[in-house]
>>> print(open('coords-v1.cif').read())   # mmCIF, N, CA and C atoms
data_entry
loop_
_atom_site.label_atom_id
_atom_site.label_comp_id
_atom_site.auth_asym_id
_atom_site.auth_seq_id
_atom_site.Cartn_x
_atom_site.Cartn_y
_atom_site.Cartn_z
N MET W 18 24.98 23.80 22.14
CA MET W 18 23.61 24.27 22.09
C MET W 18 22.79 23.50 23.11
N HIS W 19 22.02 24.21 23.91
CA HIS W 19 21.17 23.58 24.91
C HIS W 19 19.77 23.44 24.36
N TRP W 20 19.19 22.26 24.55
CA TRP W 20 17.82 22.04 24.10
C TRP W 20 16.82 22.49 25.15
N GLY W 21 17.30 22.78 26.30
CA GLY W 21 16.40 23.21 27.35
C GLY W 21 17.20 23.67 28.56
N PHE W 22 16.52 23.97 29.62
CA PHE W 22 17.20 24.38 30.84
C PHE W 22 16.36 23.95 32.02
N TRP W 23 16.97 23.95 33.18
CA TRP W 23 16.26 23.61 34.40
C TRP W 23 15.61 24.88 34.90
N ASN W 24 14.29 24.94 34.81
CA ASN W 24 13.61 26.18 35.16
C ASN W 24 13.35 26.27 36.67
N PRO W 25 12.97 27.40 37.17
CA PRO W 25 12.77 27.59 38.61
C PRO W 25 11.67 26.69 39.20
N ALA W 26 10.73 26.23 38.40
CA ALA W 26 9.67 25.37 38.92
C ALA W 26 10.17 23.95 39.16
N GLY W 27 11.40 23.66 38.77
CA GLY W 27 11.98 22.34 39.00
C GLY W 27 11.71 21.36 37.88
N CYS W 28 11.35 21.84 36.69
CA CYS W 28 11.06 20.99 35.53
C CYS W 28 12.07 21.29 34.43
N TRP W 29 12.30 20.32 33.63
CA TRP W 29 13.15 20.52 32.46
C TRP W 29 12.29 21.16 31.38
N ALA W 30 12.66 22.30 30.87
CA ALA W 30 11.86 23.04 29.89
C ALA W 30 12.46 22.83 28.51
N TRP W 31 11.90 21.89 27.75
CA TRP W 31 12.38 21.61 26.39
C TRP W 31 12.01 22.75 25.46
N PHE W 32 12.87 23.01 24.52
CA PHE W 32 12.68 24.06 23.53
C PHE W 32 12.37 25.41 24.21
N SER W 33 13.05 25.66 25.30
CA SER W 33 12.72 26.84 26.10
C SER W 33 12.97 28.14 25.36
N GLY W 34 13.99 28.21 24.55
CA GLY W 34 14.29 29.44 23.86
C GLY W 34 13.44 29.66 22.62
N TRP W 35 12.59 28.71 22.27
CA TRP W 35 11.83 28.79 21.03
C TRP W 35 10.41 29.30 21.26
N GLY W 36 10.02 29.51 22.47
CA GLY W 36 8.67 29.99 22.75
C GLY W 36 7.63 28.96 22.35
N TRP W 37 6.54 29.41 21.76
CA TRP W 37 5.47 28.51 21.33
C TRP W 37 5.83 27.72 20.09
N PHE W 38 6.84 28.16 19.36
CA PHE W 38 7.21 27.45 18.14
C PHE W 38 7.80 26.08 18.45
N GLY W 39 8.42 25.93 19.61
CA GLY W 39 9.03 24.65 19.98
C GLY W 39 8.06 23.49 19.97
N PRO W 40 6.96 23.57 20.74
CA PRO W 40 6.00 22.46 20.71
C PRO W 40 5.33 22.28 19.35
N ILE W 41 5.07 23.38 18.65
CA ILE W 41 4.46 23.28 17.32
C ILE W 41 5.42 22.59 16.36
N PHE W 42 6.69 22.94 16.44
CA PHE W 42 7.70 22.31 15.59
C PHE W 42 7.79 20.81 15.89
N GLY W 43 7.74 20.45 17.16
CA GLY W 43 7.75 19.03 17.54
C GLY W 43 6.55 18.29 16.99
N LEU W 44 5.39 18.91 17.06
CA LEU W 44 4.17 18.29 16.52
C LEU W 44 4.26 18.11 15.01
N ILE W 45 4.78 19.12 14.33
CA ILE W 45 4.95 19.03 12.87
C ILE W 45 5.90 17.89 12.52
N LEU W 46 7.00 17.78 13.26
CA LEU W 46 7.94 16.69 12.99
C LEU W 46 7.30 15.32 13.23
N MET W 47 6.51 15.20 14.29
CA MET W 47 5.86 13.93 14.58
C MET W 47 4.86 13.56 13.48
N VAL W 48 4.05 14.51 13.04
CA VAL W 48 3.08 14.25 11.97
C VAL W 48 3.81 13.87 10.68
N LEU W 49 4.88 14.57 10.38
CA LEU W 49 5.67 14.27 9.18
C LEU W 49 6.26 12.87 9.25
N PHE W 50 6.78 12.49 10.41
CA PHE W 50 7.35 11.15 10.59
C PHE W 50 6.29 10.08 10.33
N PHE W 51 5.10 10.23 10.94
CA PHE W 51 4.05 9.23 10.76
C PHE W 51 3.53 9.22 9.33
N ALA W 52 3.46 10.36 8.68
CA ALA W 52 3.01 10.40 7.28
C ALA W 52 3.97 9.62 6.39
N VAL W 53 5.27 9.82 6.59
CA VAL W 53 6.26 9.10 5.80
C VAL W 53 6.21 7.60 6.12
N PHE W 54 6.05 7.28 7.38
CA PHE W 54 5.98 5.87 7.80
C PHE W 54 4.79 5.17 7.13
N PHE W 55 3.60 5.78 7.19
CA PHE W 55 2.43 5.15 6.58
C PHE W 55 2.50 5.14 5.06
N TRP W 56 3.15 6.13 4.47
CA TRP W 56 3.34 6.13 3.02
C TRP W 56 4.21 4.95 2.60
N ILE W 57 5.28 4.69 3.35
CA ILE W 57 6.16 3.56 3.05
C ILE W 57 5.40 2.25 3.20
N ILE W 58 4.63 2.11 4.27
CA ILE W 58 3.84 0.89 4.48
C ILE W 58 2.84 0.70 3.34
N LYS W 59 2.19 1.77 2.93
CA LYS W 59 1.22 1.67 1.83
C LYS W 59 1.89 1.24 0.54
N ARG W 60 3.09 1.76 0.26
CA ARG W 60 3.81 1.38 -0.95
C ARG W 60 4.18 -0.10 -0.92
N VAL W 61 4.61 -0.59 0.23
CA VAL W 61 5.00 -2.00 0.34
C VAL W 61 3.78 -2.90 0.20
N VAL W 62 2.69 -2.58 0.88
CA VAL W 62 1.48 -3.39 0.81
C VAL W 62 0.82 -3.23 -0.56
N GLY W 63 0.85 -2.05 -1.13
CA GLY W 63 0.23 -1.78 -2.42
C GLY W 63 0.86 -2.57 -3.56
N THR W 64 2.13 -2.95 -3.43
CA THR W 64 2.80 -3.72 -4.47
C THR W 64 2.12 -5.06 -4.67
N GLY W 65 1.70 -5.70 -3.58
CA GLY W 65 1.03 -6.98 -3.68
C GLY W 65 -0.31 -6.87 -4.40
N SER W 66 -1.07 -5.82 -4.12
CA SER W 66 -2.38 -5.69 -4.76
C SER W 66 -2.23 -5.35 -6.25
N ARG W 67 -1.17 -4.62 -6.60
CA ARG W 67 -0.93 -4.32 -8.02
C ARG W 67 -0.61 -5.61 -8.78
N THR W 68 0.17 -6.48 -8.18
CA THR W 68 0.51 -7.76 -8.80
C THR W 68 -0.76 -8.59 -8.97
N LYS W 69 -1.63 -8.56 -7.97
CA LYS W 69 -2.87 -9.32 -8.05
C LYS W 69 -3.73 -8.82 -9.20
N THR W 70 -3.77 -7.53 -9.43
CA THR W 70 -4.54 -6.96 -10.54
C THR W 70 -3.99 -7.43 -11.87
N VAL W 71 -2.67 -7.46 -12.01
CA VAL W 71 -2.06 -7.92 -13.25
C VAL W 71 -2.41 -9.38 -13.50
N ILE W 72 -2.37 -10.20 -12.46
CA ILE W 72 -2.72 -11.62 -12.61
C ILE W 72 -4.20 -11.73 -12.99
N SER W 73 -5.05 -10.93 -12.37
CA SER W 73 -6.48 -10.97 -12.67
C SER W 73 -6.72 -10.59 -14.13
N ASN W 74 -6.05 -9.56 -14.62
CA ASN W 74 -6.20 -9.15 -16.02
C ASN W 74 -5.72 -10.25 -16.96
N ARG W 75 -4.62 -10.91 -16.58
CA ARG W 75 -4.10 -11.99 -17.41
C ARG W 75 -5.08 -13.16 -17.44
N ASP W 76 -5.71 -13.46 -16.29
CA ASP W 76 -6.69 -14.54 -16.24
C ASP W 76 -7.91 -14.21 -17.09
N SER W 77 -8.38 -12.96 -17.03
CA SER W 77 -9.54 -12.61 -17.83
C SER W 77 -9.20 -12.67 -19.33
N GLU W 78 -7.98 -12.34 -19.68
CA GLU W 78 -7.54 -12.46 -21.08
C GLU W 78 -7.53 -13.93 -21.50
N ALA W 79 -7.07 -14.80 -20.60
CA ALA W 79 -7.06 -16.23 -20.90
C ALA W 79 -8.48 -16.76 -21.06
N LEU W 80 -9.40 -16.30 -20.23
CA LEU W 80 -10.80 -16.71 -20.37
C LEU W 80 -11.38 -16.24 -21.68
N ARG W 81 -11.03 -15.04 -22.08
CA ARG W 81 -11.53 -14.50 -23.35
C ARG W 81 -11.03 -15.35 -24.52
N ILE W 82 -9.75 -15.72 -24.50
CA ILE W 82 -9.19 -16.55 -25.56
C ILE W 82 -9.85 -17.92 -25.56
N LEU W 83 -10.08 -18.47 -24.35
CA LEU W 83 -10.74 -19.77 -24.24
C LEU W 83 -12.14 -19.71 -24.85
N GLU W 84 -12.89 -18.66 -24.58
CA GLU W 84 -14.23 -18.52 -25.14
C GLU W 84 -14.19 -18.38 -26.65
N LEU W 85 -13.19 -17.67 -27.17
CA LEU W 85 -13.05 -17.56 -28.62
C LEU W 85 -12.75 -18.91 -29.26
N ARG W 86 -11.87 -19.67 -28.64
CA ARG W 86 -11.55 -21.00 -29.17
C ARG W 86 -12.77 -21.91 -29.15
N TYR W 87 -13.56 -21.81 -28.07
CA TYR W 87 -14.78 -22.62 -27.97
C TYR W 87 -15.80 -22.19 -29.03
N ALA W 88 -15.93 -20.88 -29.21
CA ALA W 88 -16.88 -20.37 -30.21
C ALA W 88 -16.50 -20.80 -31.62
N LYS W 89 -15.19 -20.88 -31.90
CA LYS W 89 -14.72 -21.30 -33.23
C LYS W 89 -14.82 -22.80 -33.43
N GLY W 90 -15.06 -23.53 -32.32
CA GLY W 90 -15.17 -24.99 -32.43
C GLY W 90 -13.82 -25.69 -32.34
N GLU W 91 -12.79 -25.00 -31.88
CA GLU W 91 -11.46 -25.59 -31.78
C GLU W 91 -11.35 -26.56 -30.60
N ILE W 92 -12.21 -26.40 -29.59
CA ILE W 92 -12.18 -27.28 -28.42
C ILE W 92 -13.59 -27.79 -28.15
N SER W 93 -13.66 -28.95 -27.50
CA SER W 93 -14.96 -29.57 -27.20
C SER W 93 -15.55 -28.97 -25.92
N ASP W 94 -16.81 -29.38 -25.65
CA ASP W 94 -17.48 -28.91 -24.43
C ASP W 94 -16.71 -29.33 -23.18
N GLU W 95 -16.25 -30.57 -23.15
CA GLU W 95 -15.53 -31.08 -21.99
C GLU W 95 -14.23 -30.32 -21.77
N GLU W 96 -13.49 -30.09 -22.85
CA GLU W 96 -12.23 -29.34 -22.74
C GLU W 96 -12.50 -27.91 -22.26
N TYR W 97 -13.55 -27.31 -22.81
CA TYR W 97 -13.90 -25.94 -22.43
C TYR W 97 -14.21 -25.85 -20.93
N LYS W 98 -15.07 -26.75 -20.46
CA LYS W 98 -15.46 -26.73 -19.05
C LYS W 98 -14.25 -26.99 -18.14
N LYS W 99 -13.41 -27.92 -18.54
CA LYS W 99 -12.23 -28.26 -17.74
C LYS W 99 -11.27 -27.06 -17.67
N MET W 100 -10.99 -26.45 -18.81
CA MET W 100 -10.06 -25.31 -18.85
C MET W 100 -10.64 -24.10 -18.12
N ARG W 101 -11.94 -23.88 -18.27
CA ARG W 101 -12.58 -22.74 -17.60
C ARG W 101 -12.51 -22.91 -16.08
N LYS W 102 -12.70 -24.13 -15.62
CA LYS W 102 -12.60 -24.41 -14.18
C LYS W 102 -11.17 -24.18 -13.69
N GLN W 103 -10.17 -24.58 -14.48
CA GLN W 103 -8.77 -24.37 -14.11
C GLN W 103 -8.42 -22.90 -14.04
N LEU W 104 -9.03 -22.09 -14.91
CA LEU W 104 -8.74 -20.66 -14.94
C LEU W 104 -9.54 -19.89 -13.89
N GLY W 105 -10.43 -20.57 -13.17
CA GLY W 105 -11.18 -19.91 -12.11
C GLY W 105 -12.45 -19.26 -12.57
N GLY W 106 -12.89 -19.59 -13.77
CA GLY W 106 -14.16 -19.05 -14.27
C GLY W 106 -15.32 -19.88 -13.76
N GLU W 107 -16.52 -19.48 -14.16
CA GLU W 107 -17.70 -20.24 -13.77
C GLU W 107 -17.67 -21.59 -14.46
N SER W 108 -18.20 -22.59 -13.78
CA SER W 108 -18.21 -23.93 -14.41
C SER W 108 -19.44 -24.18 -15.23
#
>>> encode(input="coords-v1.cif", output="structure tokens")
Amino acid sequence: MHWGFWNPAGCWAWFSGWGWFGPIFGLILMVLFFAVFFWIIKRVVGTGSRTKTVISNRDSEALRILELRYAKGEISDEEYKKMRKQLGGES
């Protein structure tokens, strides 16, 4: 199967037997390739942000538990401030 031929103008004519569909088909393939490429990149990069969200939710849960313990009087002011600072909350 020939992908093209040497035309009389002295140029290599790619997809010569396909008419206008040849260049359109090439464009579709190129767009599809880049779409898949960027989708893969987004999935790889998106994994890190999903993990960060899980850690953030876990930290907010820890802060909530810390506030409950402080409200019940199980920990002192100093312990509360120290633990809240370690968890990244406001001091």
>>> atom_distance(input="coords-v1.cif", atom1="atom CA of Leu44 of chain W", atom2="atom CA of Lys59 of chain W")
22.4 Å
>>> axis_aligned_box(input="coords-v1.cif", around="segment 88-93 of chain W", padding_each_side="4 Å", output="AutoDock Vina command-line options")
--center_x -14.1 --center_y -25.0 --center_z -29.7 --size_x 13.5 --size_y 17.2 --size_z 15.5
>>> atom_distance(input="coords-v1.cif", atom1="atom CA of Glu78 of chain W", atom2="atom CA of Arg60 of chain W")
26.9 Å
>>> atom_distance(input="coords-v1.cif", atom1="atom N of Ile41 of chain W", atom2="atom CA of Val53 of chain W")
19.2 Å
>>> closest_residue(input="coords-v1.cif", among="W:Val62, W:Leu46, W:Leu104, W:Ala52", to="Ala79 of chain W", atoms="all atoms listed in the file")
W:Leu104
